[in-house]
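Have a look at structure-v3.tsv; it's TSV, C-alpha atoms:
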chain	number	residue	atom	x	y	z
Q	1	MET	CA	59.46	-48.48	41.66
Q	2	LYS	CA	60.12	-49.65	38.12
Q	3	ASN	CA	57.32	-52.18	38.43
Q	4	ILE	CA	54.87	-49.47	39.55
Q	5	SER	CA	55.87	-47.26	36.60
Q	6	LEU	CA	55.46	-50.19	34.20
Q	7	ILE	CA	51.99	-50.96	35.63
Q	8	CYS	CA	50.94	-47.29	35.29
Q	9	LEU	CA	52.20	-47.14	31.71
Q	10	THR	CA	50.36	-50.36	30.83
Q	11	LEU	CA	47.17	-49.07	32.44
Q	12	CYS	CA	47.37	-45.77	30.53
Q	13	LEU	CA	47.91	-47.59	27.25
Q	14	PHE	CA	44.94	-49.86	28.02
Q	15	ILE	CA	42.64	-46.91	28.80
Q	16	SER	CA	43.76	-45.00	25.70
Q	17	THR	CA	43.15	-48.06	23.56
Q	18	LYS	CA	39.63	-48.45	25.01
Q	19	ILE	CA	38.83	-44.78	24.36
Q	20	LEU	CA	40.06	-44.97	20.79
Q	21	ALA	CA	38.11	-48.19	20.28
Q	22	ALA	CA	34.95	-46.57	21.64
Q	23	ALA	CA	35.20	-43.47	19.45
Q	24	PRO	CA	33.43	-44.11	16.13
Q	25	ASP	CA	35.68	-43.62	13.12
Q	26	LYS	CA	32.77	-43.52	10.67
Q	27	THR	CA	29.84	-41.17	11.04
Q	28	ILE	CA	26.96	-39.68	9.11
Q	29	ASN	CA	26.76	-35.92	9.65
Q	30	VAL	CA	23.48	-34.18	8.86
Q	31	SER	CA	21.71	-30.90	9.53
Q	32	GLY	CA	18.04	-30.58	10.44
Q	33	SER	CA	15.61	-27.69	10.43
Q	34	GLY	CA	12.10	-27.13	11.74
Q	35	ALA	CA	9.61	-24.27	11.53
Q	36	VAL	CA	6.36	-23.39	13.27
Q	37	SER	CA	4.05	-20.56	12.17
Q	38	ILE	CA	2.43	-18.50	14.90
Q	39	ALA	CA	0.40	-15.31	14.89
Q	40	PRO	CA	1.89	-12.28	16.72
Q	41	SER	CA	0.39	-11.86	20.17
Q	42	GLY	CA	1.58	-8.33	20.91
Q	43	TYR	CA	3.52	-5.31	19.76
Q	44	LYS	CA	6.65	-3.43	20.78
Q	45	VAL	CA	7.16	0.32	20.48
Q	46	THR	CA	9.57	3.02	21.70
Q	47	LEU	CA	8.27	6.38	22.93
Q	48	VAL	CA	10.68	9.31	22.70
Q	49	PHE	CA	10.79	12.53	24.77
Q	50	GLU	CA	13.13	15.39	23.90
Q	51	GLY	CA	13.91	18.63	25.66
Q	52	LYS	CA	16.34	21.49	24.98
Q	53	GLY	CA	17.86	24.09	27.28
Q	54	ASN	CA	20.99	25.34	28.97
Q	55	GLU	CA	20.83	23.21	32.12
Q	56	ILE	CA	20.71	19.43	31.86
Q	57	ALA	CA	19.19	19.01	35.33
Q	58	ALA	CA	16.28	21.32	34.52
Q	59	ILE	CA	15.60	19.62	31.17
Q	60	ASN	CA	15.76	16.16	32.68
Q	61	SER	CA	13.49	17.15	35.55
Q	62	LYS	CA	10.75	18.16	33.10
Q	63	LEU	CA	11.23	15.01	31.01
Q	64	GLU	CA	11.13	12.87	34.16
Q	65	GLN	CA	7.72	14.27	35.04
Q	66	GLN	CA	6.47	13.45	31.54
Q	67	ARG	CA	8.02	9.99	31.73
Q	68	ALA	CA	6.31	9.26	35.06
Q	69	THR	CA	2.98	10.45	33.65
Q	70	VAL	CA	3.27	8.23	30.56
Q	71	VAL	CA	4.40	5.18	32.57
Q	72	GLY	CA	1.38	5.63	34.84
Q	73	PHE	CA	-0.84	5.86	31.78
Q	74	LEU	CA	0.64	2.64	30.35
Q	75	LEU	CA	0.13	0.76	33.61
Q	76	ASN	CA	-3.47	1.95	33.84
Q	77	SER	CA	-3.97	0.82	30.22
Q	78	GLY	CA	-3.03	-2.76	31.05
Q	79	VAL	CA	0.68	-2.80	30.10
Q	80	GLN	CA	2.54	-4.95	32.63
Q	81	GLU	CA	5.33	-3.30	34.62
Q	82	ARG	CA	7.83	-6.00	33.62
Q	83	HIS	CA	7.22	-5.12	29.97
Q	84	ILE	CA	8.23	-1.46	30.40
Q	85	GLN	CA	11.81	-0.16	30.13
Q	86	SER	CA	12.12	3.54	30.93
Q	87	MET	CA	15.69	4.23	32.05
Q	88	GLN	CA	17.20	5.08	28.66
Q	89	ILE	CA	18.63	8.61	28.53
Q	90	SER	CA	21.06	10.47	26.26
Q	91	VAL	CA	22.53	13.98	26.40
Q	92	ASN	CA	24.00	15.83	23.43
Q	93	PRO	CA	25.40	19.37	23.21
Q	94	ASN	CA	23.80	21.71	20.68
Q	95	TYR	CA	26.04	23.65	18.30
Q	96	GLU	CA	25.40	26.57	16.01
Q	97	HIS	CA	27.56	28.39	13.50
Q	98	SER	CA	28.46	32.03	14.05
Q	99	PRO	CA	31.07	34.54	12.80
Q	100	GLN	CA	33.16	33.38	15.74
Q	101	GLY	CA	32.95	29.77	14.56
Q	102	ARG	CA	31.10	26.75	15.89
Q	103	LEU	CA	29.67	27.53	19.32
Q	104	GLN	CA	28.02	25.25	21.83
Q	105	ARG	CA	24.52	26.45	22.81
Q	106	GLY	CA	22.83	24.36	25.46
Q	107	PHE	CA	21.90	20.70	25.35
Q	108	THR	CA	19.34	18.25	24.01
Q	109	VAL	CA	18.23	15.57	26.45
Q	110	ARG	CA	16.46	12.49	25.13
Q	111	ARG	CA	14.50	10.00	27.20
Q	112	GLU	CA	12.95	6.77	25.91
Q	113	ILE	CA	10.29	4.36	27.07
Q	114	GLN	CA	10.19	0.98	25.36
Q	115	PHE	CA	7.28	-1.33	26.10
Q	116	THR	CA	5.50	-4.39	24.80
Q	117	HIS	CA	1.79	-5.02	25.12
Q	118	ASN	CA	-0.30	-8.10	24.45
Q	119	GLN	CA	-3.39	-6.24	23.19
Q	120	ILE	CA	-2.69	-5.44	19.54
Q	121	SER	CA	-6.12	-3.92	19.02
Q	122	GLN	CA	-5.33	-1.19	21.58
Q	123	TYR	CA	-2.11	0.09	20.01
Q	124	ASP	CA	-3.64	3.20	18.43
Q	125	ALA	CA	-5.43	4.33	21.60
Q	126	ILE	CA	-2.29	3.82	23.69
Q	127	ILE	CA	-0.05	5.68	21.24
Q	128	ASP	CA	-2.57	8.55	21.04
Q	129	GLY	CA	-2.66	8.71	24.84
Q	130	ALA	CA	1.14	8.77	25.05
Q	131	LEU	CA	1.39	11.59	22.49
Q	132	GLN	CA	-1.15	13.60	24.47
Q	133	ARG	CA	1.10	13.27	27.54
Q	134	GLY	CA	4.25	14.79	26.08
Q	135	VAL	CA	5.79	12.11	23.87
Q	136	ASN	CA	7.56	13.77	20.91
Q	137	SER	CA	7.92	10.81	18.54
Q	138	ILE	CA	7.34	7.07	18.08
Q	139	ASN	CA	10.14	4.70	17.03
Q	140	GLY	CA	10.46	1.03	16.14
Q	141	PHE	CA	6.85	-0.14	16.13
Q	142	SER	CA	6.80	-3.90	15.48
Q	143	LEU	CA	4.55	-6.90	16.04
Q	144	VAL	CA	6.01	-9.57	18.31
Q	145	VAL	CA	5.30	-13.00	19.73
Q	146	MET	CA	5.08	-12.40	23.46
Q	147	ASP	CA	5.84	-15.99	24.54
Q	148	ASP	CA	7.49	-18.03	21.80
Q	149	ASN	CA	9.24	-20.65	23.95
Q	150	GLN	CA	6.58	-23.27	23.33
Q	151	ALA	CA	6.64	-22.63	19.58
Q	152	TYR	CA	10.45	-22.83	19.51
Q	153	THR	CA	10.43	-26.12	21.44
Q	154	LYS	CA	8.10	-27.57	18.82
Q	155	ALA	CA	10.31	-26.23	16.00
Q	156	LEU	CA	13.37	-27.77	17.68
Q	157	ARG	CA	11.67	-31.17	17.90
Q	158	LEU	CA	10.85	-30.93	14.19
Q	159	ALA	CA	14.49	-30.05	13.45
Q	160	LEU	CA	15.72	-33.11	15.36
Q	161	ALA	CA	13.23	-35.36	13.58
Q	162	ASN	CA	14.30	-33.87	10.27
Q	163	ALA	CA	17.96	-34.63	11.02
Q	164	ARG	CA	17.21	-38.25	11.93
Q	165	SER	CA	15.09	-38.71	8.82
Q	166	LYS	CA	17.96	-37.49	6.65
Q	167	ALA	CA	20.45	-39.77	8.39
Q	168	GLU	CA	18.15	-42.79	8.01
Q	169	LEU	CA	17.72	-42.09	4.31
Q	170	ILE	CA	21.48	-41.78	3.77
Q	171	ALA	CA	22.13	-45.00	5.70
Q	172	GLN	CA	19.50	-46.85	3.67
Q	173	GLU	CA	20.84	-45.62	0.34
Q	174	PHE	CA	24.37	-46.78	1.21
Q	175	SER	CA	23.26	-50.03	2.87
Q	176	VAL	CA	24.79	-49.28	6.27
Q	177	ASP	CA	23.34	-49.51	9.76
Q	178	LEU	CA	22.68	-46.22	11.53
Q	179	GLY	CA	24.12	-46.14	15.05
Q	180	GLU	CA	23.69	-43.90	18.05
Q	181	VAL	CA	24.10	-40.14	18.16
Q	182	VAL	CA	27.71	-39.19	18.89
Q	183	ALA	CA	27.44	-35.40	18.58
Q	184	ILE	CA	24.68	-32.83	18.37
Q	185	SER	CA	24.60	-29.04	18.34
Q	186	GLU	CA	21.94	-26.37	18.09
Q	187	THR	CA	23.10	-23.92	15.45
Q	188	SER	CA	20.58	-21.13	15.76
Q	189	GLY	CA	18.26	-19.48	18.20
Q	190	ASN	CA	14.68	-18.35	17.93
Q	191	MET	CA	14.33	-16.36	14.68
Q	192	PRO	CA	10.83	-15.00	13.97
Q	193	VAL	CA	10.36	-14.49	10.23
Q	194	PRO	CA	7.27	-12.81	8.73
Q	195	ILE	CA	5.34	-14.78	6.10
Q	196	MET	CA	2.73	-13.59	3.61
Q	197	ARG	CA	-0.87	-14.79	3.58
Q	198	SER	CA	-2.48	-16.02	0.40
Q	199	GLU	CA	-4.26	-13.54	-1.86
Q	200	THR	CA	-7.59	-15.37	-1.45
Q	201	PHE	CA	-7.33	-15.25	2.33
Q	202	ALA	CA	-6.38	-11.56	2.25
Q	203	ARG	CA	-9.51	-10.68	0.24
Q	204	ASP	CA	-11.76	-12.32	2.84
Q	205	THR	CA	-10.26	-10.64	5.91
Q	206	PRO	CA	-10.00	-7.08	7.24
Q	207	VAL	CA	-7.30	-4.82	5.80
Q	208	SER	CA	-5.31	-4.56	9.04
Q	209	MET	CA	-4.02	-8.05	9.81
Q	210	PRO	CA	-1.10	-9.00	12.04
Q	211	GLY	CA	0.04	-11.78	9.68
Q	212	GLU	CA	2.11	-14.63	11.10
Q	213	ARG	CA	5.67	-15.30	12.25
Q	214	THR	CA	7.66	-18.42	11.51
Q	215	ILE	CA	9.74	-19.64	14.45
Q	216	THR	CA	12.71	-21.67	13.16
Q	217	ALA	CA	15.25	-24.03	14.71
Q	218	HIS	CA	18.39	-25.66	13.25
Q	219	VAL	CA	20.61	-28.49	14.48
Q	220	ASN	CA	23.68	-30.45	13.38
Q	221	VAL	CA	23.76	-34.14	14.33
Q	222	SER	CA	26.40	-36.85	13.89
Q	223	PHE	CA	25.35	-40.51	13.90
Q	224	ALA	CA	27.74	-43.44	14.23
Q	225	ILE	CA	27.78	-46.07	11.49
Q	226	ASN	CA	27.56	-49.53	13.05
Q	227	GLN	CA	30.30	-51.83	11.85
Can you dump the structure from the file as structure tokens?
Amino acid sequence: MKNISLICLTLCLFISTKILAAAPDKTINVSGSGAVSIAPSGYKVTLVFEGKGNEIAAINSKLEQQRATVVGFLLNSGVQERHIQSMQISVNPNYEHSPQGRLQRGFTVRREIQFTHNQISQYDAIIDGALQRGVNSINGFSLVVMDDNQAYTKALRLALANARSKAELIAQEFSVDLGEVVAISETSGNMPVPIMRSETFARDTPVSMPGERTITAHVNVSFAINQ
């Protein structure tokens, strides 16, 4: 039994020593970033319906009819069903001041439809059509990149190349050999950032321009230093 315990202890010490020997004790730690500019390919907007009354069910029934009409209009206008969210609803009591104090008088029901569409040139016609079908207000209009996965992949590759370039420069300046990657992490997600066009370009193009978005990626990478 003692011999078995001694063998197990020796084996554990051997494995621990191998792990410690394999782990690099000297590394070069760098960050890398990459960016790709891409023009917006669509827009996102929220349509708001509001109704007031004493019975929530009656108010919501009217708003539901308007919602169904507007959703049908959006679908007929080329907006894809998967790009429409129409289940948002909120209910708030209405209050008014009187000699008897603050009294509750009915309710305000709010319904929302949020959608994205890949035809930027049609935004005004679609918004006009929605307003004609009972929409009370428009919120959060913004230009978006409908499918930015490919752009982000390219930005991520640039970030990785940037990190390696930095590590190679550091290794060269300190006369050491750059080893393999021992750790890597992606430190940010897809972050579209608007950028301005040049003044000369702006003068030669129509007034209403979608501009561009810059898709960025960031990484942290650790390289071993070969002994």
Query raised in the report: segment 165-172 of chain Q: which residues within 8 Å, counting all atoms listed in the file, same-chain residues fewer than 5 positions away excluded, as a PyMOL selection string?
Result: chain Q and resi 28-30+32+177-178+223
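The two atoms in question, atom CA of Ala183 of chain Q and atom CA of Ser222 of chain Q, are spaced 5.0 Å apart.
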Query raised in the report: Excluding same-chain residues fewer than 4 positions from segment 82-91 of chain Q, what lies within 8 Å of it counting all atoms listed in the file, as a ChimeraX atom specification?
Result: /Q:56,67,71,107-117
Requested in this report: Tell me which protein, DNA and RNA residues are within 12 Å of Leu158 of chain Q, counting only C-alpha atoms, leaving out same-chain ones fewer than 2 positions away, and put them as a PyMOL selection string.
Outcome: chain Q and resi 31-36+151-156+160-165+215-219
Spatial neighbours of Gly129 of chain Q, max dist 12 Å, all atoms listed in the file, sep filter under 2 positions, as a short mmCIF file (atom, residue, chain, number, x, y, z; two decimals) with C-alpha atoms, in the coordinates of the input:
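The resulting selection16.cif:
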data_model
loop_
_atom_site.label_atom_id
_atom_site.label_comp_id
_atom_site.auth_asym_id
_atom_site.auth_seq_id
_atom_site.Cartn_x
_atom_site.Cartn_y
_atom_site.Cartn_z
CA LEU Q 47 8.27 6.38 22.93
CA THR Q 69 2.98 10.45 33.65
CA VAL Q 70 3.27 8.23 30.56
CA VAL Q 71 4.40 5.18 32.57
CA GLY Q 72 1.38 5.63 34.84
CA PHE Q 73 -0.84 5.86 31.78
CA LEU Q 74 0.64 2.64 30.35
CA ASN Q 76 -3.47 1.95 33.84
CA SER Q 77 -3.97 0.82 30.22
CA GLN Q 122 -5.33 -1.19 21.58
CA TYR Q 123 -2.11 0.09 20.01
CA ASP Q 124 -3.64 3.20 18.43
CA ALA Q 125 -5.43 4.33 21.60
CA ILE Q 126 -2.29 3.82 23.69
CA ILE Q 127 -0.05 5.68 21.24
CA LEU Q 131 1.39 11.59 22.49
CA GLN Q 132 -1.15 13.60 24.47
CA ARG Q 133 1.10 13.27 27.54
CA GLY Q 134 4.25 14.79 26.08
CA VAL Q 135 5.79 12.11 23.87
#
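Atom to atom, atom CA of Phe49 of chain Q and atom CA of His97 of chain Q stand 25.7 Å apart.
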Residues within 7 Å of (2.0, -17.2, 12.9), file coords, only C-alpha atoms, listed as a compact mmCIF listing (two decimals) with C-alpha atoms, in the frame of the given file:
# COMPACT_ATOMS: atom_id res chain seq x y z
CA SER Q 37 4.05 -20.56 12.17
CA ILE Q 38 2.43 -18.50 14.90
CA ALA Q 39 0.40 -15.31 14.89
CA PRO Q 40 1.89 -12.28 16.72
CA GLY Q 211 0.04 -11.78 9.68
CA GLU Q 212 2.11 -14.63 11.10
CA ARG Q 213 5.67 -15.30 12.25
CA THR Q 214 7.66 -18.42 11.51
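The shortest atom-to-atom distance to Val45 of chain Q, with all atoms listed in the file taken into account, belongs to Q:Ile120 out of Q:Gln227, Q:Arg157, Q:Ile184, Q:Ile120.
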Requested in this report: Work out how far apart atom CA of Gly179 of chain Q and atom CA of Val221 of chain Q are and give it in Å to one decimal.
Outcome: 12.0 Å
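Distance annotation: of Q:Val181, Q:Asn220, Q:Pro93, Q:Asn139, the residue with the minimal separation from Lys52 of chain Q is Q:Pro93; atom set is only C-alpha atoms.
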Taking all atoms of segment 105-116 of chain Q that the file lists, what box with edges along x, y and z, padded by 4 Å per side, do you get, with centre and edge lengths in Å to one decimal, as lines of an AutoDock Vina configuration file?
center_x = 15.0
center_y = 11.0
center_z = 25.0
size_x = 27.0
size_y = 38.8
size_z = 12.4
Report task. Please identify all polymer residues lying at most 8 Å from the point (30.1, 22.1, 21.6) (file coordinates), using only C-alpha atoms, and present the result as a ChimeraX atom specification. Result -> /Q:93-95,102-105
Output the selection as a PDB file, in the frame of the given file - C-alpha atoms for each residue.
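The resulting part-v2.pdb:
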ATOM      1  CA  PRO Q  93      25.400  19.370  23.210  1.00  0.00           C
ATOM      2  CA  ASN Q  94      23.800  21.710  20.680  1.00  0.00           C
ATOM      3  CA  TYR Q  95      26.040  23.650  18.300  1.00  0.00           C
ATOM      4  CA  ARG Q 102      31.100  26.750  15.890  1.00  0.00           C
ATOM      5  CA  LEU Q 103      29.670  27.530  19.320  1.00  0.00           C
ATOM      6  CA  GLN Q 104      28.020  25.250  21.830  1.00  0.00           C
ATOM      7  CA  ARG Q 105      24.520  26.450  22.810  1.00  0.00           C
TER       8      ARG Q 105
END
**Report entry** For Asp25 of chain Q, the nearest of the candidates Q:Val48, Q:Asn149, Q:Thr187, Q:Val182, counting all atoms listed in the file
**Finding:**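 Counting all atoms listed in the file, the residue closest to Asp25 of chain Q is Q:Val182.
Proximity to Asn92 of chain Q was assessed for Q:Ser61, Q:Gly78, Q:Ser121, Q:Gly51 counting all atoms listed in the file; the smallest distance is recorded for Q:Gly51.
Between Ala68 of chain Q and the candidates Q:Ala130, Q:Glu186, Q:Asn54, Q:Asn226, the tightest atom-to-atom separation, counting only C-alpha atoms, involves Q:Ala130.
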Report task. Name the closest residue to Val79 of chain Q among the candidates Q:Gln119, Q:Asp128, Q:Gly106, Q:Ala159; distances are taken between atoms, counting only C-alpha atoms. Result ->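 Among Q:Gln119, Q:Asp128, Q:Gly106, Q:Ala159, it is Q:Gln119 that comes nearest to Val79 of chain Q.
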